file protein_5.pdb (PDB, C-alpha atoms)
MODEL        1
ATOM      1  CA  MET U   1     -12.935 -94.301 206.329  1.00  0.00           C
ATOM      2  CA  THR U   2     -12.443 -90.633 205.571  1.00  0.00           C
ATOM      3  CA  SER U   3     -14.926 -89.032 203.222  1.00  0.00           C
ATOM      4  CA  THR U   4     -13.817 -86.707 200.424  1.00  0.00           C
ATOM      5  CA  ALA U   5     -16.872 -84.565 201.165  1.00  0.00           C
ATOM      6  CA  GLU U   6     -15.312 -83.825 204.589  1.00  0.00           C
ATOM      7  CA  ILE U   7     -11.823 -83.187 203.200  1.00  0.00           C
ATOM      8  CA  ILE U   8     -12.529 -80.937 200.206  1.00  0.00           C
ATOM      9  CA  ARG U   9     -13.493 -77.432 201.298  1.00  0.00           C
ATOM     10  CA  LYS U  10     -14.903 -74.971 198.781  1.00  0.00           C
ATOM     11  CA  GLY U  11     -14.299 -71.249 198.940  1.00  0.00           C
ATOM     12  CA  ARG U  12     -13.843 -68.063 196.943  1.00  0.00           C
ATOM     13  CA  LYS U  13     -10.787 -69.280 195.011  1.00  0.00           C
ATOM     14  CA  PHE U  14     -11.894 -72.895 194.603  1.00  0.00           C
ATOM     15  CA  ASP U  15     -12.623 -72.609 190.864  1.00  0.00           C
ATOM     16  CA  GLN U  16      -9.372 -70.709 190.358  1.00  0.00           C
ATOM     17  CA  VAL U  17      -7.413 -73.522 191.994  1.00  0.00           C
ATOM     18  CA  LEU U  18      -9.298 -76.122 189.975  1.00  0.00           C
ATOM     19  CA  GLU U  19      -8.570 -74.410 186.649  1.00  0.00           C
ATOM     20  CA  GLY U  20      -4.884 -74.021 187.463  1.00  0.00           C
ATOM     21  CA  ALA U  21      -4.702 -77.681 188.450  1.00  0.00           C
ATOM     22  CA  ARG U  22      -6.485 -78.734 185.262  1.00  0.00           C
ATOM     23  CA  GLN U  23      -3.922 -76.907 183.121  1.00  0.00           C
ATOM     24  CA  VAL U  24      -0.971 -78.430 184.957  1.00  0.00           C
ATOM     25  CA  PHE U  25      -2.384 -81.969 185.117  1.00  0.00           C
ATOM     26  CA  MET U  26      -3.281 -81.893 181.419  1.00  0.00           C
ATOM     27  CA  ALA U  27       0.231 -80.725 180.551  1.00  0.00           C
ATOM     28  CA  ASP U  28       2.342 -82.733 183.014  1.00  0.00           C
ATOM     29  CA  GLY U  29       0.171 -85.619 184.166  1.00  0.00           C
ATOM     30  CA  PHE U  30      -0.419 -86.621 187.765  1.00  0.00           C
ATOM     31  CA  GLU U  31       3.106 -87.649 188.708  1.00  0.00           C
ATOM     32  CA  GLY U  32       4.747 -84.763 186.852  1.00  0.00           C
ATOM     33  CA  ALA U  33       2.511 -82.081 188.343  1.00  0.00           C
ATOM     34  CA  SER U  34       3.941 -80.283 191.365  1.00  0.00           C
ATOM     35  CA  VAL U  35       1.928 -78.441 193.975  1.00  0.00           C
ATOM     36  CA  ASP U  36       4.237 -75.443 193.525  1.00  0.00           C
ATOM     37  CA  GLU U  37       3.448 -75.293 189.796  1.00  0.00           C
ATOM     38  CA  ILE U  38      -0.284 -75.705 190.359  1.00  0.00           C
ATOM     39  CA  ALA U  39      -0.261 -72.866 192.891  1.00  0.00           C
ATOM     40  CA  ARG U  40       1.727 -70.675 190.485  1.00  0.00           C
ATOM     41  CA  VAL U  41      -0.582 -71.297 187.516  1.00  0.00           C
ATOM     42  CA  ALA U  42      -3.660 -70.839 189.693  1.00  0.00           C
ATOM     43  CA  ASN U  43      -2.159 -67.628 191.101  1.00  0.00           C
ATOM     44  CA  VAL U  44      -2.778 -68.663 194.693  1.00  0.00           C
ATOM     45  CA  SER U  45      -0.536 -69.438 197.637  1.00  0.00           C
ATOM     46  CA  LYS U  46       0.272 -73.034 198.562  1.00  0.00           C
ATOM     47  CA  ALA U  47      -1.548 -72.426 201.831  1.00  0.00           C
ATOM     48  CA  THR U  48      -4.712 -71.534 199.916  1.00  0.00           C
ATOM     49  CA  LEU U  49      -4.367 -74.600 197.703  1.00  0.00           C
ATOM     50  CA  TYR U  50      -3.865 -76.905 200.685  1.00  0.00           C
ATOM     51  CA  SER U  51      -6.800 -75.336 202.502  1.00  0.00           C
ATOM     52  CA  TYR U  52      -9.016 -76.681 199.706  1.00  0.00           C
ATOM     53  CA  PHE U  53      -7.121 -79.855 198.801  1.00  0.00           C
ATOM     54  CA  PRO U  54      -4.741 -81.307 201.407  1.00  0.00           C
ATOM     55  CA  ASP U  55      -4.045 -84.277 199.111  1.00  0.00           C
ATOM     56  CA  LYS U  56      -2.883 -84.015 195.483  1.00  0.00           C
ATOM     57  CA  ARG U  57      -4.889 -87.117 194.603  1.00  0.00           C
ATOM     58  CA  LEU U  58      -8.074 -85.448 195.801  1.00  0.00           C
ATOM     59  CA  LEU U  59      -7.293 -82.433 193.655  1.00  0.00           C
ATOM     60  CA  PHE U  60      -6.639 -84.663 190.664  1.00  0.00           C
ATOM     61  CA  MET U  61      -9.920 -86.511 191.115  1.00  0.00           C
ATOM     62  CA  GLU U  62     -11.860 -83.258 191.442  1.00  0.00           C
ATOM     63  CA  VAL U  63     -10.268 -82.083 188.197  1.00  0.00           C
ATOM     64  CA  ALA U  64     -10.976 -85.492 186.644  1.00  0.00           C
ATOM     65  CA  THR U  65     -14.672 -85.544 187.518  1.00  0.00           C
ATOM     66  CA  THR U  66     -15.085 -81.952 186.348  1.00  0.00           C
ATOM     67  CA  GLU U  67     -13.302 -82.745 183.086  1.00  0.00           C
ATOM     68  CA  CYS U  68     -15.347 -85.895 182.601  1.00  0.00           C
ATOM     69  CA  GLN U  69     -18.549 -83.919 183.037  1.00  0.00           C
ATOM     70  CA  ARG U  70     -17.258 -81.386 180.528  1.00  0.00           C
ATOM     71  CA  GLN U  71     -16.472 -84.158 178.044  1.00  0.00           C
ATOM     72  CA  ALA U  72     -19.964 -85.620 178.445  1.00  0.00           C
ATOM     73  CA  ASP U  73     -21.580 -82.220 177.967  1.00  0.00           C
ATOM     74  CA  ASP U  74     -19.393 -81.534 174.930  1.00  0.00           C
ATOM     75  CA  ALA U  75     -20.294 -84.881 173.366  1.00  0.00           C
ATOM     76  CA  LEU U  76     -23.998 -84.337 173.910  1.00  0.00           C
ATOM     77  CA  SER U  77     -23.813 -80.863 172.383  1.00  0.00           C
ATOM     78  CA  ARG U  78     -21.975 -82.117 169.291  1.00  0.00           C
ATOM     79  CA  ILE U  79     -23.819 -85.361 168.572  1.00  0.00           C
ATOM     80  CA  ASP U  80     -27.019 -85.108 166.541  1.00  0.00           C
ATOM     81  CA  MET U  81     -29.333 -87.351 168.542  1.00  0.00           C
ATOM     82  CA  SER U  82     -31.918 -87.239 165.764  1.00  0.00           C
ATOM     83  CA  ALA U  83     -29.549 -88.881 163.269  1.00  0.00           C
ATOM     84  CA  ALA U  84     -29.561 -92.539 162.212  1.00  0.00           C
ATOM     85  CA  PRO U  85     -28.088 -95.044 164.705  1.00  0.00           C
ATOM     86  CA  GLU U  86     -24.936 -95.685 162.693  1.00  0.00           C
ATOM     87  CA  GLU U  87     -24.017 -91.990 162.715  1.00  0.00           C
ATOM     88  CA  VAL U  88     -24.847 -91.458 166.391  1.00  0.00           C
ATOM     89  CA  LEU U  89     -22.849 -94.536 167.367  1.00  0.00           C
ATOM     90  CA  LEU U  90     -19.858 -93.490 165.259  1.00  0.00           C
ATOM     91  CA  GLN U  91     -19.761 -90.020 166.803  1.00  0.00           C
ATOM     92  CA  THR U  92     -20.271 -91.341 170.331  1.00  0.00           C
ATOM     93  CA  GLY U  93     -17.683 -94.086 169.936  1.00  0.00           C
ATOM     94  CA  ARG U  94     -15.023 -91.718 168.605  1.00  0.00           C
ATOM     95  CA  HIS U  95     -15.530 -89.229 171.421  1.00  0.00           C
ATOM     96  CA  PHE U  96     -15.525 -91.957 174.067  1.00  0.00           C
ATOM     97  CA  LEU U  97     -12.451 -93.776 172.784  1.00  0.00           C
ATOM     98  CA  ARG U  98     -10.432 -90.604 172.275  1.00  0.00           C
ATOM     99  CA  PHE U  99     -11.032 -89.604 175.877  1.00  0.00           C
ATOM    100  CA  ILE U 100     -10.372 -92.927 177.616  1.00  0.00           C
ATOM    101  CA  THR U 101      -7.203 -93.559 175.576  1.00  0.00           C
ATOM    102  CA  SER U 102      -5.818 -90.081 176.184  1.00  0.00           C
ATOM    103  CA  LYS U 103      -3.038 -89.682 178.737  1.00  0.00           C
ATOM    104  CA  PHE U 104      -5.457 -87.900 181.049  1.00  0.00           C
ATOM    105  CA  GLY U 105      -8.142 -90.567 180.650  1.00  0.00           C
ATOM    106  CA  GLN U 106      -5.685 -93.340 181.486  1.00  0.00           C
ATOM    107  CA  GLN U 107      -4.477 -91.464 184.562  1.00  0.00           C
ATOM    108  CA  ILE U 108      -8.045 -91.061 185.801  1.00  0.00           C
ATOM    109  CA  PHE U 109      -8.575 -94.808 185.509  1.00  0.00           C
ATOM    110  CA  ARG U 110      -5.331 -95.676 187.286  1.00  0.00           C
ATOM    111  CA  ILE U 111      -5.949 -93.252 190.149  1.00  0.00           C
ATOM    112  CA  CYS U 112      -9.480 -94.613 190.633  1.00  0.00           C
ATOM    113  CA  VAL U 113      -8.087 -98.151 190.876  1.00  0.00           C
ATOM    114  CA  ALA U 114      -5.106 -97.205 193.045  1.00  0.00           C
ATOM    115  CA  GLU U 115      -7.219 -95.223 195.513  1.00  0.00           C
ATOM    116  CA  SER U 116     -10.252 -97.536 195.593  1.00  0.00           C
ATOM    117  CA  ASP U 117      -9.449 -98.836 199.083  1.00  0.00           C
ATOM    118  CA  ARG U 118      -8.569 -95.461 200.559  1.00  0.00           C
ATOM    119  CA  PHE U 119     -11.343 -93.425 198.930  1.00  0.00           C
ATOM    120  CA  PRO U 120     -13.945 -95.786 197.424  1.00  0.00           C
ATOM    121  CA  GLU U 121     -16.349 -92.926 196.750  1.00  0.00           C
ATOM    122  CA  LEU U 122     -13.939 -91.331 194.258  1.00  0.00           C
ATOM    123  CA  GLY U 123     -14.648 -93.977 191.627  1.00  0.00           C
ATOM    124  CA  GLN U 124     -18.392 -93.577 192.102  1.00  0.00           C
ATOM    125  CA  LYS U 125     -18.108 -89.804 191.839  1.00  0.00           C
ATOM    126  CA  PHE U 126     -16.110 -90.082 188.625  1.00  0.00           C
ATOM    127  CA  TYR U 127     -18.517 -92.632 187.148  1.00  0.00           C
ATOM    128  CA  ASN U 128     -21.552 -90.492 187.932  1.00  0.00           C
ATOM    129  CA  SER U 129     -19.957 -87.382 186.443  1.00  0.00           C
ATOM    130  CA  GLY U 130     -19.524 -88.770 182.933  1.00  0.00           C
ATOM    131  CA  PRO U 131     -19.971 -92.464 182.105  1.00  0.00           C
ATOM    132  CA  ALA U 132     -23.362 -92.683 183.825  1.00  0.00           C
ATOM    133  CA  VAL U 133     -24.536 -89.570 181.984  1.00  0.00           C
ATOM    134  CA  MET U 134     -23.609 -90.986 178.578  1.00  0.00           C
ATOM    135  CA  ARG U 135     -25.066 -94.386 179.484  1.00  0.00           C
ATOM    136  CA  ALA U 136     -28.442 -92.826 180.287  1.00  0.00           C
ATOM    137  CA  GLU U 137     -28.382 -90.621 177.169  1.00  0.00           C
ATOM    138  CA  MET U 138     -27.573 -93.563 174.909  1.00  0.00           C
ATOM    139  CA  ALA U 139     -30.345 -95.667 176.453  1.00  0.00           C
ATOM    140  CA  ALA U 140     -32.779 -92.785 175.857  1.00  0.00           C
ATOM    141  CA  TYR U 141     -31.583 -92.480 172.256  1.00  0.00           C
ATOM    142  CA  PHE U 142     -32.089 -96.205 171.696  1.00  0.00           C
ATOM    143  CA  GLU U 143     -35.697 -95.822 172.829  1.00  0.00           C
ATOM    144  CA  GLN U 144     -36.239 -93.067 170.258  1.00  0.00           C
ATOM    145  CA  ALA U 145     -34.539 -95.104 167.515  1.00  0.00           C
ATOM    146  CA  GLU U 146     -36.757 -98.068 168.389  1.00  0.00           C
ATOM    147  CA  ALA U 147     -39.837 -95.883 168.050  1.00  0.00           C
ATOM    148  CA  ARG U 148     -38.645 -94.950 164.544  1.00  0.00           C
ATOM    149  CA  GLY U 149     -38.191 -98.629 163.702  1.00  0.00           C
ATOM    150  CA  GLU U 150     -34.383 -98.369 163.400  1.00  0.00           C
ATOM    151  CA  LEU U 151     -33.365-100.582 166.334  1.00  0.00           C
ATOM    152  CA  GLN U 152     -34.808-103.484 168.300  1.00  0.00           C
ATOM    153  CA  ILE U 153     -33.414-103.750 171.839  1.00  0.00           C
ATOM    154  CA  GLU U 154     -34.791-105.534 174.895  1.00  0.00           C
ATOM    155  CA  ASP U 155     -32.409-104.067 177.505  1.00  0.00           C
ATOM    156  CA  ARG U 156     -31.339-100.570 176.441  1.00  0.00           C
ATOM    157  CA  VAL U 157     -29.023 -99.934 179.401  1.00  0.00           C
ATOM    158  CA  LEU U 158     -27.219-103.218 178.781  1.00  0.00           C
ATOM    159  CA  ALA U 159     -26.944-102.334 175.089  1.00  0.00           C
ATOM    160  CA  ALA U 160     -25.353 -98.991 175.985  1.00  0.00           C
ATOM    161  CA  ASP U 161     -22.806-100.787 178.171  1.00  0.00           C
ATOM    162  CA  GLN U 162     -22.135-103.350 175.448  1.00  0.00           C
ATOM    163  CA  PHE U 163     -21.396-100.631 172.917  1.00  0.00           C
ATOM    164  CA  GLY U 164     -18.939 -99.014 175.312  1.00  0.00           C
ATOM    165  CA  GLU U 165     -17.146-102.318 175.785  1.00  0.00           C
ATOM    166  CA  LEU U 166     -17.022-102.917 172.028  1.00  0.00           C
ATOM    167  CA  CYS U 167     -15.317 -99.539 171.627  1.00  0.00           C
ATOM    168  CA  LYS U 168     -12.579-100.615 174.063  1.00  0.00           C
ATOM    169  CA  ALA U 169     -11.717-103.794 172.155  1.00  0.00           C
ATOM    170  CA  ASP U 170      -8.015-104.342 171.436  1.00  0.00           C
ATOM    171  CA  VAL U 171      -6.719-100.841 172.223  1.00  0.00           C
ATOM    172  CA  TRP U 172      -7.800-100.495 175.872  1.00  0.00           C
ATOM    173  CA  PRO U 173      -6.235-103.744 177.165  1.00  0.00           C
ATOM    174  CA  ARG U 174      -2.996-102.944 175.359  1.00  0.00           C
ATOM    175  CA  LEU U 175      -2.866 -99.524 177.003  1.00  0.00           C
ATOM    176  CA  ILE U 176      -3.714-100.751 180.485  1.00  0.00           C
ATOM    177  CA  PHE U 177      -1.144-103.557 180.392  1.00  0.00           C
ATOM    178  CA  GLY U 178       1.559-101.288 178.993  1.00  0.00           C
ATOM    179  CA  MET U 179       1.841-103.013 175.639  1.00  0.00           C
ATOM    180  CA  THR U 180       1.467 -99.684 173.857  1.00  0.00           C
ATOM    181  CA  LYS U 181       1.659 -96.040 174.873  1.00  0.00           C
ATOM    182  CA  VAL U 182      -0.294 -94.305 172.109  1.00  0.00           C
ATOM    183  CA  VAL U 183      -3.469 -95.077 170.169  1.00  0.00           C
ATOM    184  CA  THR U 184      -3.502 -93.567 166.685  1.00  0.00           C
ATOM    185  CA  PRO U 185      -6.534 -91.943 165.014  1.00  0.00           C
ATOM    186  CA  GLU U 186      -6.468 -94.790 162.509  1.00  0.00           C
ATOM    187  CA  GLU U 187      -6.743 -97.368 165.288  1.00  0.00           C
ATOM    188  CA  ILE U 188      -9.638 -95.466 166.839  1.00  0.00           C
ATOM    189  CA  GLU U 189     -11.478 -95.452 163.509  1.00  0.00           C
ATOM    190  CA  ARG U 190     -10.841 -99.168 163.029  1.00  0.00           C
ATOM    191  CA  VAL U 191     -12.156-100.109 166.477  1.00  0.00           C
ATOM    192  CA  VAL U 192     -15.156 -97.770 166.439  1.00  0.00           C
ATOM    193  CA  ASN U 193     -16.217 -98.834 162.954  1.00  0.00           C
ATOM    194  CA  GLY U 194     -16.004-102.458 164.040  1.00  0.00           C
ATOM    195  CA  ALA U 195     -17.999-101.698 167.188  1.00  0.00           C
ATOM    196  CA  VAL U 196     -20.774-100.011 165.197  1.00  0.00           C
ATOM    197  CA  LYS U 197     -20.992-102.864 162.686  1.00  0.00           C
ATOM    198  CA  THR U 198     -21.141-105.457 165.459  1.00  0.00           C
ATOM    199  CA  PHE U 199     -23.752-103.493 167.409  1.00  0.00           C
ATOM    200  CA  MET U 200     -25.954-102.952 164.366  1.00  0.00           C
ATOM    201  CA  ALA U 201     -25.659-106.627 163.397  1.00  0.00           C
ATOM    202  CA  ARG U 202     -27.130-107.468 166.826  1.00  0.00           C
ATOM    203  CA  TYR U 203     -29.690-104.706 167.279  1.00  0.00           C
ATOM    204  CA  GLY U 204     -30.330-103.203 163.824  1.00  0.00           C
ATOM    205  CA  VAL U 205     -33.624-103.787 162.063  1.00  0.00           C
TER
ENDMDL
END
call {"tool": "encode", "arguments": {"input": "protein_5.pdb", "output": "structure tokens"}}
result
Amino acid sequence: MTSTAEIIRKGRKFDQVLEGARQVFMADGFEGASVDEIARVANVSKATLYSYFPDKRLLFMEVATTECQRQADDALSRIDMSAAPEEVLLQTGRHFLRFITSKFGQQIFRICVAESDRFPELGQKFYNSGPAVMRAEMAAYFEQAEARGELQIEDRVLAADQFGELCKADVWPRLIFGMTKVVTPEEIERVVNGAVKTFMARYGV
């Protein structure tokens, strides 16, 4: 099995290539993005691009993990972790659901599944770059909220996972199975509000 660590080579223009690819992937998606366009936007030659990323899927996953890390960092910088559980959960749920239901978020998921046999470490790399970060931060927040007498949770990591799954109710299966193409802001609010109410009914004091 070939390792992505052996295939991806970093160099002076690595970040330049990555930023150009991010712009093109975000605009055109994985299938619509061409190597020629990525090289043009990144202002590098195709030879330079291929010297770093010989496979477009590897380039996409590098962009995906970088973007996921950026999303996690952005969420953590915006969410007031000293606020009451309901507010923290609402903010976290909205950020999470907006990202995973976006065109880019869906493409990340599909590529991870499609390439799981060929490059099993890609899924782990993606998970560690964002979902695992938020999982750990939420578990740490639950501990603080417990200390303030606002929550009562036996397994904080499990509770973090449960909240994530609650936020995917209804809309995520419909997206994955092609029953719908777009999730509206109103649908996100409906699902996240329901997730928070259900979570607090189980773990609120």
call {"tool": "resolve_selection", "arguments": {"input": "protein_5.pdb", "expression": "the PyMOL selection byres ((chain U and resi 166-178) around 12)", "output": "ChimeraX atom specification"}}
result
/U:89-103,105-110,113,159-165,179-200
call {"tool": "atom_distance", "arguments": {"input": "protein_5.pdb", "atom1": "atom CA of U:Arg202", "atom2": "atom CA of U:Leu76"}}
result
24.4 Å
call {"tool": "resolve_selection", "arguments": {"input": "protein_5.pdb", "expression": "the PyMOL selection byres ((chain U and resi 23-39) around 12)", "output": "MDAnalysis selection string"}}
result
chainID U and resid 13:14 16:22 40:64 67 102:111
call {"tool": "atom_distance", "arguments": {"input": "protein_5.pdb", "atom1": "atom CA of U:Arg78", "atom2": "atom CA of U:Met134"}}
result
12.9 Å
call {"tool": "closest_residue", "arguments": {"input": "protein_5.pdb", "among": "U:Leu122, U:Ala139, U:Val133, U:Ala114", "to": "U:Ala75", "atoms": "all atoms listed in the file"}}
result
U:Val133
call {"tool": "atom_distance", "arguments": {"input": "protein_5.pdb", "atom1": "atom CA of U:Asp74", "atom2": "atom CA of U:Val88"}}
result
14.2 Å
call {"tool": "residues_near_point", "arguments": {"input": "protein_5.pdb", "point": "(-30.7, -107.9, 166.2)", "cutoff": "8 Å", "atoms": "all atoms listed in the file", "output": "PyMOL selection string"}}
result
chain U and resi 151-153+200-205
call {"tool": "closest_residue", "arguments": {"input": "protein_5.pdb", "among": "U:Arg12, U:Arg118, U:Arg156, U:Arg148", "to": "U:Ala84", "atoms": "all atoms listed in the file"}}
result
U:Arg148
call {"tool": "closest_residue", "arguments": {"input": "protein_5.pdb", "among": "U:Leu158, U:Ala132, U:Ala72, U:Met81", "to": "U:Ala145", "atoms": "only C-alpha atoms"}}
result
U:Met81
call {"tool": "decode", "arguments": {"input": "protein_5.pdb", "residues": "stretch 119-132 of chain U", "atoms": "N, CA, C and O atoms", "output": "compact mmCIF listing (two decimals), in the first residue's frame"}}
result
# COMPACT_ATOMS: atom_id res chain seq x y z
N PHE U 119 -6.13 4.57 -0.27
CA PHE U 119 -5.36 5.38 0.67
C PHE U 119 -6.10 5.45 2.01
O PHE U 119 -6.71 6.47 2.34
N PRO U 120 -6.07 4.41 2.81
CA PRO U 120 -6.83 4.40 4.06
C PRO U 120 -6.40 5.48 5.04
O PRO U 120 -7.19 5.92 5.89
N GLU U 121 -5.17 5.96 4.93
CA GLU U 121 -4.71 6.98 5.87
C GLU U 121 -5.29 8.36 5.60
O GLU U 121 -5.24 9.25 6.44
N LEU U 122 -5.88 8.56 4.40
CA LEU U 122 -6.46 9.86 4.09
C LEU U 122 -7.62 10.19 5.02
O LEU U 122 -7.75 11.30 5.49
N GLY U 123 -8.49 9.20 5.25
CA GLY U 123 -9.62 9.43 6.14
C GLY U 123 -9.16 9.77 7.55
O GLY U 123 -9.72 10.66 8.20
N GLN U 124 -8.14 9.06 8.03
CA GLN U 124 -7.62 9.32 9.37
C GLN U 124 -7.01 10.72 9.45
O GLN U 124 -7.19 11.44 10.43
N LYS U 125 -6.30 11.10 8.40
CA LYS U 125 -5.69 12.43 8.37
C LYS U 125 -6.75 13.52 8.40
O LYS U 125 -6.64 14.51 9.12
N PHE U 126 -7.81 13.33 7.61
CA PHE U 126 -8.90 14.30 7.59
C PHE U 126 -9.58 14.36 8.96
O PHE U 126 -9.83 15.44 9.48
N TYR U 127 -9.86 13.21 9.54
CA TYR U 127 -10.54 13.17 10.84
C TYR U 127 -9.72 13.89 11.90
O TYR U 127 -10.25 14.67 12.70
N ASN U 128 -8.43 13.63 11.92
CA ASN U 128 -7.56 14.24 12.93
C ASN U 128 -7.43 15.75 12.76
O ASN U 128 -7.16 16.46 13.73
N SER U 129 -7.61 16.23 11.52
CA SER U 129 -7.40 17.65 11.25
C SER U 129 -8.54 18.53 11.72
O SER U 129 -8.35 19.72 11.94
N GLY U 130 -9.74 17.96 11.87
CA GLY U 130 -10.88 18.78 12.26
C GLY U 130 -11.82 18.13 13.24
O GLY U 130 -11.96 18.59 14.38
N PRO U 131 -12.51 17.05 12.83
CA PRO U 131 -13.48 16.42 13.73
C PRO U 131 -12.89 16.02 15.08
O PRO U 131 -13.53 16.23 16.12
N ALA U 132 -11.68 15.47 15.10
CA ALA U 132 -11.09 15.06 16.37
C ALA U 132 -10.77 16.26 17.25
O ALA U 132 -10.86 16.19 18.48
